[in-house]
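*Asks:* I am attaching a structure below and will ask some questions about it afterwards.
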Amino acid sequence: MQAQTQPWQGKFEPIDHMIAPPNSYRTASGAPGKAYWQQRADYNIKVTLDETNNTISGNETITYYNNSPDDLNYLWIQLEQNVNKKGNQDFGGISNDLKDGITARNMQFLTRAIDFPAGYSIKYIKDNSGNSLKFLINNTMMKVLLNTPLKSGSSLTFSIGWSYTITDRSMFKLSREGYEYFPSDDNTVYLIAHWFPRMAVYNDTEGWQNQQFQRLGEFALEFGDYEVEITVPEDHIVASTGTLQNAEDVLSKTQRDRLEKARQSFDQPILIVTEEEAKANEKTKTKKQKTWRFKAKNVRDFAFASSRKFIWDAQAVKLPTNTVMAMSFYPKEGMPVWQEESTKAIKHALEVYSEATFDYPYPVCISVNTSNIGMEFPMISFNGGRPKNGQMTKNAKAGMIGTIIHEVGHNWFPMIVSSDERKWMWMDEGLNTFLHQRTVAERYPDFSSTTPKSIVPFMSGDKNILRPIMTTSDNELLSQFGSNFYRKPTVGLQMLRNSIVGKELFDAAFKEYANRWKYKHPNPGDLFRTLEDATATDLDWFFRGWFFTTDYVDMELSNVTWFKVYEAEQNIENRKQNIQLKPENQDTRVATQDFSDGPEVIKMSATPDDAYGGFLSRLDEEAVRQQLLGKNLYEVNIKNVGGLVMPVTIEWTYTDGSTEIDRLPADIWRRNEYEVKHTFVKDKEVKTVTLDPNFEFADTNTDNNSFPKSESQSVFDRFKNNQ
């Protein structure tokens, strides 16, 4: 303790003051409290897609349940389509550097030289009696002024009429929805999401969550039941959230028979619409329409895709408590890889995620092929990845499969464990990526997956621009949000599972969190508290360092000193070794570069009576001596260079070639956050000592992890040796 000359930083202090305090709504254990409440919104929607003009128009009836203890004078409703209006708050600030060389597409992102029609036209808002409700629009949020306050414990039914022009996804940066046009056959795939005015969240921690949508921070939404009627061209196939209610009206007898067969097919997908049928369908271009009806229960959002280009396959997936229809929809441009891999990837995700958390509760799980993006919604996701001339490289296929698994996984985080994406992106992306990477590692072992080593380049970056994980979504740099909100939380959870808490204990705690908060709205503190509560492990030091700071891991093995206990007769016989006894109770060592000079010799002396204090019993000191005679004592000196405390894993390589690993908990840093010493007793003589040999803790500099020091090759030497 006296050796610590740098200021104490409190790395093991509780994080209570850094997260919201517990209360009757959210307990100190991390579980919802007895007084926990959340709002609810049920939707009845009728919508028409106009393919000729690329517009969508609809009317919806919302029944909003005020379960809060507060009376509400107004409501906030999300209007995400308004982000596409020129001049609105969106991604202008991310791509605002004009260069002397720039593509036309990037110039369009930057300047909106061609201004496309976009944004909502709100036709009316009326209460259940047909009375108009006044509303005010602020960018992507709409305030509805109520004629009478909505009392605590009561509900309100009102209706909205609206329309907007569907945007061309290729013309907008980070566009999650819209249409994709295929010039070769003059057809379009519509990805319809964020398409209807939706209730904002009102909760116990901040009241209305009415932050503006700026594309990066995504969504906070309430749960409810949906009844949706979707009118599209008659030759379109629709993929949607929910269960199809009128298959007899919209599917042919052949398609219905194939779908029924797919419900019994657990080993392979069944084609509902074949490639040949889809190609023939591309040529029809009918002006007639038909209406698809879907119902969905207890979901927080609703999305659909529509096109005459879709090939459609389906397969049943048996889970312990539910049988799910896994389905894929894709244009011919996705063949053959999508037919081979998409539904299989859905199945793998459903099985691994269900085992890790809770069984997937919904009746269908859908993957729709599109260009560039991966985007998630309840029961349906839009996923990029297409072959070129029918071929994909291994890396491209791995990326496509990984995207499908990831977006399917979002059904758990945040579609069911419903965290606030607009505020804490890492709570859905990080937890989801953790299980996504576990799925890849278990089901696709030939593919690369995220490990602690993956985050080292990011954590070694410029500290002037790095942000902590606990940064709100829209305040992160576009160049860093993938590392900070996806990979770094993933690696942190991997460390907890594999190296700090242990798999069995951690898996049970992670499952506890998922089940405590399914269909509810957790905050970061609820996750942190649950993981501690369910493991009986103090993890505040980990959460503080990994989530709240930009400290990094760099453990330096600064010195290892070899000792042996003094043996008089043996030492007399070996005086040729020039062993010098050190004065008692003094440390006169000089740091060495290796073990070639042999061990330091310790002379054990008798313990004086006053050292025992008031104890009358005495230690058998000769037995202690006998236990240590001939043994090798190694004092290891470790420095914390990076600032982030972590457990210490030490690998010993002995002179006979054998190895052994010792593990020290992070607690060794409690009393000195900068440097620690620890003594080990070994039967064998040691040749080398290495820290973190299996790279469990994302150490950013492995050059200082060994003793004797290993010399790093220069770039030139590596080049020369490779020739």
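Following the order of the structure tokens, chains are lettered A, B, ..., residues in each are numbered from 1, and ligands are numbered from 1.
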Would you kindly return, as a PDB file with C-alpha atoms, in the first residue's frame, each protein, DNA or RNA residue with an atom no farther than 8 Å from any atom of Arg670 (chain A), considering only C-alpha atoms and excluding same-chain residues fewer than 3 positions away?
*Replies:*
ATOM      1  CA  LYS A  11     -11.942   1.535  -9.026  1.00  0.00           C
ATOM      2  CA  PHE A  12     -13.700  -0.818  -6.597  1.00  0.00           C
ATOM      3  CA  ALA A 666      -9.485  -8.739  -9.878  1.00  0.00           C
ATOM      4  CA  ASP A 667      -9.654  -8.162  -6.108  1.00  0.00           C
ATOM      5  CA  GLU A 673      -4.678   0.011  -8.286  1.00  0.00           C
TER       6      GLU A 673
END
*Asks:* List as a tab-separated table every residue of region 278-384 of chain A that is in contact with region 178-183 of chain A, defined as an atom at most 12 Å from one of its atoms (using only C-alpha atoms), together with the nearest atom pair and the distance in Å rounded to one decimal, sorted by chain and then rising number.
*Replies:*
residue	atom	partner	partner_atom	distance
A:Glu282	CA	A:Phe182	CA	10.7
A:Ala303	CA	A:Gly178	CA	11.4
A:Phe304	CA	A:Gly178	CA	10.9
A:Ala305	CA	A:Tyr179	CA	9.4
A:Ser306	CA	A:Tyr179	CA	9.5
A:Ser307	CA	A:Tyr179	CA	9.8
A:Arg308	CA	A:Phe182	CA	11.7
A:Lys309	CA	A:Phe182	CA	9.7
A:Pro331	CA	A:Phe182	CA	9.9
A:Lys332	CA	A:Phe182	CA	11.0
A:Glu333	CA	A:Phe182	CA	9.7
A:Asn369	CA	A:Glu180	CA	10.8
A:Thr370	CA	A:Glu180	CA	7.8
A:Ser371	CA	A:Glu180	CA	7.8
A:Asn372	CA	A:Glu180	CA	10.8
A:Ile373	CA	A:Gly178	CA	11.6
A:Met375	CA	A:Gly178	CA	12.0
A:Phe382	CA	A:Gly178	CA	11.1
A:Gly384	CA	A:Glu180	CA	11.9
*Asks:* Find the distance between CA of Val408 (chain A) and CA of Ala345 (chain A) and write it in Å to one decimal.
*Replies:*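 Spanning CA of Val408 (chain A) to CA of Ala345 (chain A) is a straight-line distance of 9.0 Å.
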*Asks:* Applying 9 Å and only C-alpha atoms, which residues near region 385-388 of chain A remain after dropping the ones on its own chain fewer than 3 positions away? List them as a PyMOL selection string.
*Replies:* chain A and resi 333-338+369-373+391-393+396-397+399-401+403
*Asks:* Could you save those same residues with C-alpha atoms as an mmCIF file, in the first residue's frame?
*Replies:*
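Written out: selection-v8.cif:
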data_model
loop_
_atom_site.group_PDB
_atom_site.id
_atom_site.type_symbol
_atom_site.label_atom_id
_atom_site.label_comp_id
_atom_site.auth_asym_id
_atom_site.auth_seq_id
_atom_site.Cartn_x
_atom_site.Cartn_y
_atom_site.Cartn_z
ATOM 1 C CA GLU A 333 -31.142 -12.041 -57.159
ATOM 2 C CA GLY A 334 -30.643 -13.840 -53.828
ATOM 3 C CA MET A 335 -30.448 -17.306 -55.423
ATOM 4 C CA PRO A 336 -29.133 -19.826 -54.721
ATOM 5 C CA VAL A 337 -27.501 -18.775 -51.447
ATOM 6 C CA TRP A 338 -30.613 -17.423 -49.778
ATOM 7 C CA ASN A 369 -33.526 -10.191 -48.409
ATOM 8 C CA THR A 370 -32.567 -6.642 -49.286
ATOM 9 C CA SER A 371 -29.531 -4.601 -50.167
ATOM 10 C CA ASN A 372 -26.928 -3.394 -47.642
ATOM 11 C CA ILE A 373 -28.767 -3.261 -44.353
ATOM 12 C CA GLN A 391 -21.649 -16.954 -56.116
ATOM 13 C CA MET A 392 -20.515 -15.663 -52.709
ATOM 14 C CA THR A 393 -17.103 -15.800 -51.089
ATOM 15 C CA ALA A 396 -19.476 -12.672 -47.808
ATOM 16 C CA LYS A 397 -21.600 -15.695 -46.923
ATOM 17 C CA GLY A 399 -21.435 -11.835 -43.259
ATOM 18 C CA MET A 400 -24.871 -12.596 -44.706
ATOM 19 C CA ILE A 401 -25.545 -15.439 -42.273
ATOM 20 C CA THR A 403 -26.612 -10.527 -40.343
#
*Asks:* With only C-alpha atoms as the basis for distance, which of A:Val417, A:Val201, A:Ala296, A:Ile62 is at the shortest distance from Lys518 (chain A)?
*Replies:*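 Going through A:Val417, A:Val201, A:Ala296, A:Ile62 one by one, the smallest distance to Lys518 (chain A) is for A:Val417.
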*Asks:* Near Lys453 (chain A), counting only C-alpha atoms, which residues have an atom at most 10 Å away, once you skip same-chain residues fewer than 3 positions from it, shown as a PyMOL selection string?
*Replies:* chain A and resi 450+456-457+491+694-700
*Asks:* Skip Gln437 (chain A) itself and residues of its chain fewer than 5 positions away, then list as a ChimeraX atom specification all residues within 9 Å of it, counting only C-alpha atoms.
*Replies:* /A:402,405-406,432,442,449-451,490
*Asks:* Would you mind exporting the chosen residues as a JSON list (two decimals), in the first residue's frame, restricted to C-alpha atoms?
*Replies:*
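Okay, this is what ended up in again-v6.json:
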[["chain", "number", "residue", "atom", "x", "y", "z"],
["A", 402, "GLY", "CA", -24.26, -13.35, -39.37],
["A", 405, "ILE", "CA", -28.73, -14.35, -37.01],
["A", 406, "HIS", "CA", -28.17, -10.88, -35.56],
["A", 432, "ASN", "CA", -27.81, -9.15, -28.95],
["A", 442, "GLU", "CA", -21.49, -22.84, -31.82],
["A", 449, "SER", "CA", -16.46, -14.59, -34.44],
["A", 450, "THR", "CA", -15.83, -11.80, -31.96],
["A", 451, "THR", "CA", -13.36, -12.52, -29.14],
["A", 490, "THR", "CA", -20.02, -8.30, -26.35]]
*Asks:* List as a PyMOL selection string the protein and nucleic acid residues near region 310-323 of chain A, meaning an atom at most 8 Å away when only C-alpha atoms are counted, but skip any in the same chain fewer than 3 places from it.
*Replies:* chain A and resi 237+259+262-275+277-278+307+326-332+339+343+347+350-351+354+359-361+363
*Asks:* Could you write out that same residue set with N, CA and C atoms as an mmCIF file, in the first residue's frame?
*Replies:*
data_model
loop_
_atom_site.group_PDB
_atom_site.id
_atom_site.type_symbol
_atom_site.label_atom_id
_atom_site.label_comp_id
_atom_site.auth_asym_id
_atom_site.auth_seq_id
_atom_site.Cartn_x
_atom_site.Cartn_y
_atom_site.Cartn_z
ATOM 1 N N ILE A 237 -46.608 -10.606 -53.044
ATOM 2 C CA ILE A 237 -46.547 -11.476 -51.872
ATOM 3 C C ILE A 237 -46.142 -10.595 -50.692
ATOM 4 N N LEU A 259 -47.777 -24.514 -47.673
ATOM 5 C CA LEU A 259 -47.588 -23.914 -46.350
ATOM 6 C C LEU A 259 -47.968 -24.918 -45.260
ATOM 7 N N ALA A 262 -45.188 -27.313 -44.949
ATOM 8 C CA ALA A 262 -44.044 -26.716 -44.251
ATOM 9 C C ALA A 262 -44.223 -26.758 -42.742
ATOM 10 N N ARG A 263 -45.470 -26.719 -42.273
ATOM 11 C CA ARG A 263 -45.724 -26.760 -40.830
ATOM 12 C C ARG A 263 -45.292 -28.095 -40.219
ATOM 13 N N GLN A 264 -45.139 -29.117 -41.066
ATOM 14 C CA GLN A 264 -44.727 -30.436 -40.584
ATOM 15 C C GLN A 264 -43.291 -30.765 -40.988
ATOM 16 N N SER A 265 -42.612 -29.807 -41.621
ATOM 17 C CA SER A 265 -41.250 -30.061 -42.097
ATOM 18 C C SER A 265 -40.250 -29.451 -41.117
ATOM 19 N N PHE A 266 -39.574 -30.309 -40.339
ATOM 20 C CA PHE A 266 -38.644 -29.829 -39.319
ATOM 21 C C PHE A 266 -37.182 -29.953 -39.750
ATOM 22 N N ASP A 267 -36.931 -30.585 -40.892
ATOM 23 C CA ASP A 267 -35.535 -30.811 -41.288
ATOM 24 C C ASP A 267 -35.104 -29.993 -42.494
ATOM 25 N N GLN A 268 -36.040 -29.433 -43.237
ATOM 26 C CA GLN A 268 -35.668 -28.625 -44.395
ATOM 27 C C GLN A 268 -36.816 -27.702 -44.795
ATOM 28 N N PRO A 269 -36.494 -26.565 -45.442
ATOM 29 C CA PRO A 269 -37.540 -25.635 -45.873
ATOM 30 C C PRO A 269 -38.337 -26.207 -47.048
ATOM 31 N N ILE A 270 -39.589 -25.782 -47.127
ATOM 32 C CA ILE A 270 -40.478 -26.105 -48.242
ATOM 33 C C ILE A 270 -40.747 -24.818 -49.008
ATOM 34 N N LEU A 271 -40.642 -24.871 -50.325
ATOM 35 C CA LEU A 271 -40.907 -23.689 -51.145
ATOM 36 C C LEU A 271 -42.414 -23.447 -51.240
ATOM 37 N N ILE A 272 -42.823 -22.248 -50.849
ATOM 38 C CA ILE A 272 -44.226 -21.846 -50.977
ATOM 39 C C ILE A 272 -44.430 -21.154 -52.318
ATOM 40 N N VAL A 273 -43.443 -20.319 -52.709
ATOM 41 C CA VAL A 273 -43.398 -19.722 -54.050
ATOM 42 C C VAL A 273 -42.033 -20.061 -54.630
ATOM 43 N N THR A 274 -41.991 -20.748 -55.756
ATOM 44 C CA THR A 274 -40.731 -21.181 -56.355
ATOM 45 C C THR A 274 -40.096 -20.052 -57.159
ATOM 46 N N GLU A 275 -38.849 -20.285 -57.541
ATOM 47 C CA GLU A 275 -38.146 -19.286 -58.348
ATOM 48 C C GLU A 275 -38.845 -19.095 -59.693
ATOM 49 N N GLU A 277 -41.978 -19.544 -60.411
ATOM 50 C CA GLU A 277 -43.237 -18.828 -60.198
ATOM 51 C C GLU A 277 -42.987 -17.345 -59.936
ATOM 52 N N ALA A 278 -41.933 -17.037 -59.197
ATOM 53 C CA ALA A 278 -41.611 -15.632 -58.921
ATOM 54 C C ALA A 278 -41.208 -14.914 -60.200
ATOM 55 N N SER A 307 -43.781 -7.459 -52.458
ATOM 56 C CA SER A 307 -43.221 -7.446 -53.813
ATOM 57 C C SER A 307 -43.782 -8.612 -54.613
ATOM 58 N N ALA A 326 -40.306 -20.696 -39.410
ATOM 59 C CA ALA A 326 -39.197 -19.890 -39.916
ATOM 60 C C ALA A 326 -39.381 -19.729 -41.419
ATOM 61 N N MET A 327 -39.364 -18.476 -41.894
ATOM 62 C CA MET A 327 -39.673 -18.222 -43.299
ATOM 63 C C MET A 327 -38.711 -17.200 -43.883
ATOM 64 N N SER A 328 -38.390 -17.373 -45.161
ATOM 65 C CA SER A 328 -37.535 -16.429 -45.881
ATOM 66 C C SER A 328 -38.214 -15.990 -47.164
ATOM 67 N N PHE A 329 -38.057 -14.698 -47.475
ATOM 68 C CA PHE A 329 -38.593 -14.101 -48.698
ATOM 69 C C PHE A 329 -37.428 -13.407 -49.398
ATOM 70 N N TYR A 330 -37.260 -13.688 -50.698
ATOM 71 C CA TYR A 330 -36.096 -13.133 -51.388
ATOM 72 C C TYR A 330 -36.362 -13.095 -52.887
ATOM 73 N N PRO A 331 -35.787 -12.100 -53.575
ATOM 74 C CA PRO A 331 -35.912 -12.065 -55.037
ATOM 75 C C PRO A 331 -34.953 -13.064 -55.659
ATOM 76 N N LYS A 332 -35.098 -13.273 -56.948
ATOM 77 C CA LYS A 332 -34.224 -14.223 -57.648
ATOM 78 C C LYS A 332 -32.767 -13.820 -57.530
ATOM 79 N N GLN A 339 -31.757 -19.362 -50.632
ATOM 80 C CA GLN A 339 -32.553 -20.577 -50.486
ATOM 81 C C GLN A 339 -31.800 -21.623 -49.661
ATOM 82 N N THR A 343 -33.193 -19.606 -44.120
ATOM 83 C CA THR A 343 -34.083 -20.226 -43.142
ATOM 84 C C THR A 343 -33.304 -21.102 -42.170
ATOM 85 N N LYS A 347 -33.299 -20.800 -38.023
ATOM 86 C CA LYS A 347 -33.458 -21.950 -37.125
ATOM 87 C C LYS A 347 -32.360 -21.967 -36.070
ATOM 88 N N LEU A 350 -32.979 -19.173 -33.527
ATOM 89 C CA LEU A 350 -34.105 -19.476 -32.644
ATOM 90 C C LEU A 350 -33.701 -20.469 -31.550
ATOM 91 N N GLU A 351 -32.921 -21.454 -31.910
ATOM 92 C CA GLU A 351 -32.558 -22.495 -30.947
ATOM 93 C C GLU A 351 -31.560 -21.993 -29.914
ATOM 94 N N SER A 354 -33.108 -19.108 -27.688
ATOM 95 C CA SER A 354 -34.133 -19.638 -26.788
ATOM 96 C C SER A 354 -33.499 -20.357 -25.612
ATOM 97 N N ASP A 359 -37.846 -19.236 -24.545
ATOM 98 C CA ASP A 359 -38.289 -19.694 -25.862
ATOM 99 C C ASP A 359 -38.914 -18.548 -26.650
ATOM 100 N N TYR A 360 -38.568 -18.477 -27.909
ATOM 101 C CA TYR A 360 -39.185 -17.516 -28.817
ATOM 102 C C TYR A 360 -40.698 -17.693 -28.750
ATOM 103 N N PRO A 361 -41.445 -16.627 -28.413
ATOM 104 C CA PRO A 361 -42.867 -16.816 -28.113
ATOM 105 C C PRO A 361 -43.812 -16.632 -29.291
ATOM 106 N N PRO A 363 -45.434 -16.797 -33.348
ATOM 107 C CA PRO A 363 -45.716 -17.919 -34.251
ATOM 108 C C PRO A 363 -44.827 -17.988 -35.480
#
*Asks:* Which value, in Å to one decimal, gives the distance between CA of Asn411 (chain A) and CA of Phe294 (chain A)?
*Replies:*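 Rounded to one decimal, the two atoms are 18.3 Å apart.
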